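Enquirer: Supplied structure: start.txt, compact mmCIF, C-alpha atoms.
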```
# COMPACT_ATOMS: atom_id res chain seq x y z
CA MET J 1 -96.15 -57.32 35.20
CA ASN J 2 -92.82 -57.93 33.55
CA VAL J 3 -91.05 -60.17 36.03
CA SER J 4 -87.89 -60.39 33.99
CA ASN J 5 -87.39 -56.63 34.09
CA ILE J 6 -87.83 -56.55 37.85
CA GLY J 7 -85.37 -59.32 38.31
CA ASN J 8 -82.75 -57.61 36.21
CA ARG J 9 -82.76 -54.31 38.11
CA PRO J 10 -80.32 -55.40 40.87
CA ASP J 11 -77.98 -56.75 38.23
CA GLN J 12 -78.11 -53.48 36.34
CA ALA J 13 -77.43 -51.52 39.51
CA MET J 14 -74.45 -53.72 40.32
CA LEU J 15 -73.16 -53.29 36.77
CA GLN J 16 -73.47 -49.53 36.95
CA SER J 17 -71.73 -49.52 40.31
CA LYS J 18 -68.93 -51.65 38.93
CA GLN J 19 -68.54 -49.34 35.94
CA SER J 20 -68.44 -46.34 38.24
CA GLY J 21 -65.81 -48.08 40.35
CA ASP J 22 -63.75 -48.84 37.28
CA ARG J 23 -63.90 -45.20 36.23
CA GLY J 24 -62.84 -44.22 39.73
CA LYS J 25 -59.64 -46.14 39.36
CA SER J 26 -58.68 -44.47 36.11
CA GLY J 27 -60.95 -41.57 35.17
CA ILE J 28 -61.23 -40.08 38.65
CA ALA J 29 -57.51 -40.50 39.16
CA GLN J 30 -56.90 -38.64 35.93
CA GLU J 31 -59.25 -35.84 36.96
CA LEU J 32 -57.48 -35.59 40.31
CA LYS J 33 -54.11 -35.44 38.57
CA GLU J 34 -55.30 -32.64 36.30
CA LYS J 35 -56.72 -30.75 39.28
CA ILE J 36 -53.41 -31.02 41.14
CA THR J 37 -51.58 -29.83 38.03
CA ARG J 38 -53.88 -26.80 37.77
CA ILE J 39 -53.31 -25.98 41.44
CA GLU J 40 -49.54 -26.31 41.14
CA THR J 41 -49.50 -24.23 37.96
CA GLY J 42 -51.57 -21.58 39.66
CA LYS J 43 -49.16 -21.52 42.58
CA VAL J 44 -46.21 -21.08 40.25
CA GLN J 45 -47.93 -18.24 38.46
CA GLU J 46 -48.97 -16.66 41.74
CA GLY J 47 -45.43 -17.01 43.04
CA ALA J 48 -44.06 -15.33 39.93
CA LEU J 49 -46.50 -12.47 40.39
CA GLN J 50 -45.58 -12.09 44.03
CA GLU J 51 -41.88 -12.20 43.22
CA LYS J 52 -42.10 -9.51 40.56
CA GLY J 53 -45.01 -7.63 42.03
CA VAL J 54 -47.14 -5.10 40.22
CA ILE J 55 -44.20 -2.72 40.08
CA GLY J 56 -41.99 -5.22 38.30
CA LEU J 57 -44.75 -6.14 35.86
CA LEU J 58 -45.34 -2.47 35.11
CA GLN J 59 -41.67 -2.04 34.31
CA GLU J 60 -41.85 -4.97 31.91
CA GLY J 61 -44.87 -3.50 30.14
CA HIS J 62 -47.09 -6.40 31.21
CA PHE J 63 -50.35 -4.45 31.48
CA GLN J 64 -52.27 -2.91 28.59
CA GLY J 65 -54.58 0.02 27.95
CA VAL J 66 -56.51 1.55 30.82
CA ALA J 67 -55.21 -1.04 33.29
CA ASP J 68 -51.66 0.07 32.58
CA VAL J 69 -52.31 3.75 33.26
CA ARG J 70 -54.57 3.15 36.26
CA LEU J 71 -51.93 0.99 37.93
CA ARG J 72 -49.32 3.66 37.29
CA ILE J 73 -51.59 6.12 39.10
CA ASN J 74 -52.44 3.77 41.98
CA PHE J 75 -48.82 2.76 42.57
CA HIS J 76 -47.25 6.11 41.75
CA GLU J 77 -45.57 6.62 45.12
CA GLN J 78 -44.27 3.06 45.17
CA LEU J 79 -42.87 3.51 41.67
CA GLN J 80 -41.13 6.69 42.72
CA LEU J 81 -39.62 5.03 45.77
CA MET J 82 -38.52 1.92 43.90
CA VAL J 83 -36.88 3.96 41.14
CA SER J 84 -35.08 6.13 43.68
CA GLN J 85 -33.79 3.17 45.64
CA LYS J 86 -32.65 1.21 42.61
CA SER J 87 -30.94 4.12 40.90
CA GLY J 88 -29.33 5.14 44.18
CA GLU J 89 -27.92 1.64 44.71
CA VAL J 90 -26.51 1.48 41.20
CA LEU J 91 -25.10 5.01 41.45
CA GLN J 92 -23.28 4.28 44.69
CA THR J 93 -22.00 0.86 43.67
CA GLU J 94 -20.71 1.84 40.25
CA SER J 95 -19.33 5.17 41.45
CA ARG J 96 -17.23 3.43 44.08
CA GLU J 97 -15.96 1.00 41.47
CA LEU J 98 -15.08 4.03 39.35
CA MET J 99 -13.18 5.56 42.27
CA LEU J 100 -11.16 2.38 42.75
CA GLU J 101 -10.17 2.29 39.11
CA LEU J 102 -9.33 6.00 39.17
CA GLU J 103 -7.18 5.50 42.25
CA SER J 104 -5.18 2.82 40.46
CA LYS J 105 -4.62 5.03 37.42
CA VAL J 106 -3.61 8.08 39.47
CA GLN J 107 -1.17 6.04 41.54
CA SER J 108 0.43 4.78 38.33
CA VAL J 109 0.85 8.37 37.11
CA GLY J 110 2.38 9.37 40.44
CA GLU J 111 4.88 6.53 40.33
CA GLU J 112 5.77 7.19 36.70
CA PHE J 113 6.57 10.87 37.30
CA GLN J 114 7.89 10.45 40.86
CA VAL J 115 5.22 12.56 42.53
CA THR J 116 3.62 9.75 44.54
CA ASP J 117 3.23 11.67 47.80
CA GLN J 118 1.70 14.77 46.23
CA VAL J 119 -0.72 12.69 44.18
CA ALA J 120 -1.74 10.58 47.19
CA ASP J 121 -2.71 13.65 49.21
CA LEU J 122 -4.79 15.09 46.38
CA LEU J 123 -6.46 11.75 45.76
CA THR J 124 -7.43 11.40 49.42
CA SER J 125 -9.13 14.80 49.38
CA PHE J 126 -11.01 13.96 46.20
CA LYS J 127 -12.21 10.60 47.54
CA GLU J 128 -13.51 12.24 50.72
CA GLU J 129 -15.46 14.77 48.69
CA ALA J 130 -16.86 12.07 46.40
CA GLU J 131 -17.86 9.90 49.35
CA GLY J 132 -19.68 12.84 50.89
CA LEU J 133 -21.77 13.15 47.74
CA LEU J 134 -22.50 9.43 47.50
CA GLY J 135 -23.27 9.03 51.19
CA THR J 136 -26.37 11.23 51.11
CA SER J 137 -29.66 9.43 51.69
CA ASP J 138 -31.28 11.03 48.64
CA ALA J 139 -28.48 10.13 46.19
CA GLY J 140 -30.92 8.14 44.06
CA SER J 141 -33.66 10.76 43.92
CA ASP J 142 -31.16 13.50 43.12
CA SER J 143 -28.75 11.52 40.97
CA SER J 144 -28.17 14.34 38.50
CA SER J 145 -26.85 16.60 41.28
CA VAL J 146 -24.64 13.82 42.62
CA ILE J 147 -23.12 13.12 39.23
CA GLY J 148 -22.68 16.84 38.62
CA GLY J 149 -20.96 17.11 41.98
CA LEU J 150 -18.60 14.26 41.05
CA ARG J 151 -17.72 16.04 37.83
CA ASP J 152 -16.98 19.28 39.67
CA ALA J 153 -14.91 17.49 42.30
CA PHE J 154 -12.89 15.73 39.63
CA ALA J 155 -12.30 18.99 37.77
CA GLY J 156 -10.82 20.47 40.94
CA PHE J 157 -8.75 17.35 41.43
CA LEU J 158 -7.35 17.64 37.89
CA ALA J 159 -6.48 21.30 38.42
CA SER J 160 -4.57 20.36 41.55
CA LEU J 161 -2.78 17.59 39.68
CA GLN J 162 -1.77 19.99 36.93
CA SER J 163 -0.46 22.43 39.53
CA ILE J 164 2.16 19.83 40.44
CA ALA J 165 3.62 20.11 36.95
CA THR J 166 3.34 23.92 37.05
CA ALA J 167 5.22 24.06 40.35
CA ASP J 168 7.97 21.84 38.94
CA ASP J 169 8.27 24.04 35.84
CA ALA J 170 8.49 27.20 37.98
CA GLU J 171 11.21 25.65 40.10
CA ALA J 172 13.17 24.67 37.00
CA ASP J 173 12.83 28.16 35.52
CA SER J 174 14.00 29.70 38.79
CA GLY J 175 17.07 27.51 38.75
CA VAL J 176 17.96 28.53 35.22
CA ALA J 177 17.50 32.23 36.01
CA GLY J 178 19.67 31.94 39.08
CA ALA J 179 22.45 30.22 37.14
CA ALA J 180 22.38 32.76 34.32
CA ALA J 181 24.48 35.89 34.66
CA VAL J 182 24.05 39.09 32.79
CA ALA J 183 27.32 39.88 30.99
CA GLY J 184 26.88 43.27 29.35
CA THR J 185 23.96 44.74 27.47
CA GLY J 186 21.88 42.16 25.65
CA ALA J 187 24.00 39.24 26.77
CA SER J 188 22.92 36.27 28.86
CA ILE J 189 24.01 32.77 29.67
CA THR J 190 22.00 29.70 28.68
CA GLU J 191 21.46 26.72 30.96
CA ASP J 192 24.47 24.94 29.43
CA GLY J 193 26.72 27.99 29.93
CA ALA J 194 26.84 29.23 26.32
CA PRO J 195 26.36 33.00 25.76
CA VAL J 196 23.32 34.16 23.83
CA ASN J 197 22.39 37.57 22.48
CA LEU J 198 18.89 38.44 23.72
CA GLU J 199 18.50 41.29 21.23
CA ALA J 200 19.28 38.96 18.36
CA SER J 201 16.91 36.31 19.66
CA GLU J 202 14.06 38.78 19.86
CA THR J 203 14.32 39.41 16.14
CA GLU J 204 14.20 35.78 15.17
CA GLY J 205 10.42 35.69 15.16
CA PRO J 206 7.55 34.91 17.57
CA ALA J 207 8.15 32.31 20.24
CA THR J 208 6.52 28.92 19.66
CA THR J 209 4.27 27.27 22.28
CA PRO J 210 6.11 24.36 23.87
CA ALA J 211 4.58 20.92 23.43
CA PRO J 212 2.81 19.47 26.51
CA ASP J 213 5.11 17.44 28.71
CA GLY J 214 4.49 13.83 29.66
CA PHE J 215 2.78 14.63 32.95
CA THR J 216 0.36 17.05 31.32
CA LEU J 217 -0.53 14.45 28.69
CA ALA J 218 -1.12 11.88 31.43
CA VAL J 219 -3.50 14.26 33.20
CA GLN J 220 -5.37 14.87 29.94
CA LYS J 221 -5.79 11.13 29.43
CA LEU J 222 -7.19 10.83 32.94
CA GLN J 223 -9.69 13.55 32.16
CA GLU J 224 -10.84 11.86 28.94
CA TRP J 225 -11.16 8.50 30.65
CA PHE J 226 -13.14 9.88 33.59
CA GLU J 227 -15.58 11.78 31.38
CA THR J 228 -16.27 8.65 29.33
CA GLU J 229 -16.92 6.59 32.46
CA ILE J 230 -19.07 9.17 34.26
CA ALA J 231 -21.16 9.69 31.11
CA ALA J 232 -21.79 5.94 30.87
CA LEU J 233 -22.78 5.85 34.55
CA GLU J 234 -25.12 8.80 34.07
CA LYS J 235 -26.87 7.01 31.19
CA THR J 236 -27.25 3.83 33.24
CA VAL J 237 -28.84 5.68 36.15
CA ASN J 238 -31.14 7.68 33.86
CA ASP J 239 -32.31 4.52 32.09
CA LEU J 240 -33.31 3.03 35.45
CA GLN J 241 -35.56 6.01 36.10
CA VAL J 242 -37.66 5.57 32.97
CA LEU J 243 -40.72 3.36 32.69
CA PRO J 244 -41.80 2.04 29.29
CA ASP J 245 -44.33 4.29 27.57
CA PRO J 246 -47.94 3.43 28.45
CA SER J 247 -49.49 0.99 26.03
CA GLU J 248 -51.91 2.20 23.39
CA PRO J 249 -55.63 2.49 24.28
CA ARG J 250 -58.17 -0.10 23.23
CA GLY J 251 -61.51 0.84 21.72
CA ASN J 252 -62.40 4.52 21.55
CA GLY J 253 -59.91 5.34 24.31
CA VAL J 254 -62.10 7.88 26.18
CA ALA J 255 -61.40 6.42 29.61
CA TYR J 256 -57.76 5.89 28.68
CA GLU J 257 -57.27 9.55 27.78
CA ARG J 258 -58.86 10.65 31.04
CA PHE J 259 -56.56 8.45 33.14
CA LEU J 260 -53.56 9.38 31.03
CA GLU J 261 -54.17 13.07 31.65
CA THR J 262 -54.28 12.40 35.40
CA TYR J 263 -51.07 10.43 35.18
CA LYS J 264 -49.32 13.21 33.25
CA GLY J 265 -50.34 15.68 35.93
CA MET J 266 -48.89 13.49 38.65
CA GLU J 267 -45.64 13.10 36.75
CA ALA J 268 -45.34 16.80 36.08
CA GLY J 269 -45.85 17.49 39.77
CA SER J 270 -43.25 14.98 40.92
CA GLY J 271 -40.59 15.87 38.36
CA ALA J 272 -39.39 12.27 38.43
CA ILE J 273 -40.48 9.52 36.07
CA ARG J 274 -41.99 10.90 32.89
CA ILE J 275 -43.86 9.21 30.08
CA ASP J 276 -41.38 10.58 27.59
CA GLY J 277 -38.45 9.50 29.72
CA LYS J 278 -37.39 13.03 30.61
CA ALA J 279 -37.07 14.44 34.10
```
Can you dump the structure from the file as structure tokens?
Expert:
Amino acid sequence: MNVSNIGNRPDQAMLQSKQSGDRGKSGIAQELKEKITRIETGKVQEGALQEKGVIGLLQEGHFQGVADVRLRINFHEQLQLMVSQKSGEVLQTESRELMLELESKVQSVGEEFQVTDQVADLLTSFKEEAEGLLGTSDAGSDSSSVIGGLRDAFAGFLASLQSIATADDAEADSGVAGAAAVAGTGASITEDGAPVNLEASETEGPATTPAPDGFTLAVQKLQEWFETEIAALEKTVNDLQVLPDPSEPRGNGVAYERFLETYKGMEAGSGAIRIDGKA
């Protein structure tokens, strides 16, 4: 029997225990720190996923291949709803900002040409019509109709504005005709009282079209400005309704093509979001 070996066993056990204890103070602490870091990192990542959600990640093009298309199918209704809500919010917010800016411009035109009261009445009617279009619950899902309605309402508003200038011109012409007196055949009186021979004037050549007056030019500028702004708004809303194209398939793509065909059918049936970005 090896007595020395037997006697050394307790010492070896104590040494191993001491070494294990030493590792516990440093090595185990390090392992615990790494574990906590992994947990915290996982929570951050999980929080980011929860914040964005599958819908947000789909919009960013986060998923690839079959997973991308399958998630589009599984969350199709949610995608439709989210797109409608978001586009509707943007449409209403930016349209109302557009109305405020338009109101300021129209008021300036009214003050410049001293037709403030007439312009104010027309503007109130237009704003009520525009608000009726924007106040509908399905403004986001039917944004093209809303924007088309705004264009039509503005066209009517412009026609009414232009009628102010037409009425003023008619009144001026009536005043001139009333002041003129016919003095013999072919004779008339101009606005400043000088006689003019109508027969002679008829032989001078075709009448030229008068240049647009200041008010008419102001109305034309309003029209150009509004069309630029409404076109930009239309593009913004349309861009919100388009998801990125599905990612390319991986491998032979058999399953991908099958899911993609299903997705195309769903999109064609809804008439909303399309793979090619068209309604």
Enquirer: Can you work out which one of J:Val54, J:Asp68, J:Lys127, J:Glu234 has the shortest atom-to-atom distance to Ser145 (chain J), counting all atoms listed in the file?
Expert: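 Using all atoms listed in the file, Ser145 (chain J) sits closest to J:Glu234.
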Enquirer: Tell me which protein, DNA and RNA residues are within 9 Å of region 151-163 of chain J, counting all atoms listed in the file, leaving out same-chain ones fewer than 3 positions away, and put them as an NGL selection string.
Expert: :J and (118-119 or 122-123 or 125-126 or 129-130 or 146-148 or 166-168 or 215-216 or 219-220 or 222-223 or 226-227 or 230)
Enquirer: Which residue gives the smallest distance to Gln64 (chain J) among J:Gly251, J:Gly265, J:Pro246, J:Gly110, with all atoms listed in the file counted?
Expert: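 Closest residue, counting all atoms listed in the file: J:Pro246.
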Enquirer: Which one of J:Gln241, J:Gln92, J:Thr124, J:Ser84 sits closest to Val106 (chain J) if you count all atoms listed in the file?
Expert: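 Smallest distance to Val106 (chain J) is found for J:Thr124.
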Enquirer: Separation of CA of Gly135 (chain J) and CA of Leu79 (chain J), in Å?
Expert: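 So the two atoms, CA of Gly135 (chain J) and CA of Leu79 (chain J), lie 22.5 Å apart.
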Enquirer: Can you measure CA of Leu100 (chain J) to CA of Leu150 (chain J) for me? One decimal in Å is fine.
Expert: 14.1 Å
Enquirer: Of the candidates J:Glu267, J:Glu103, J:Asp213, J:Glu94, which one gets nearest to Ala232 (chain J) if we count only C-alpha atoms?
Expert: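 Comparing J:Glu267, J:Glu103, J:Asp213, J:Glu94 against Ala232 (chain J), the winner is J:Glu94.
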Enquirer: Expressed in Å to a single decimal, how great is the separation between CA of Leu134 (chain J) and CA of Leu57 (chain J)?
Expert: 29.5 Å
Enquirer: Would you please work out which residue, of J:Leu133, J:Glu128, J:Ile164, J:Asp245, is nearest to Val115 (chain J) when using all atoms listed in the file?
Expert: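 Among J:Leu133, J:Glu128, J:Ile164, J:Asp245, it is J:Ile164 that comes nearest to Val115 (chain J).
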Enquirer: Which residue out of J:Gly149, J:Asp142, J:Glu248, J:Tyr256 has the minimum interatomic distance to Gln85 (chain J) when only C-alpha atoms are used?
Expert: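 The closest residue to Gln85 (chain J) is J:Asp142.
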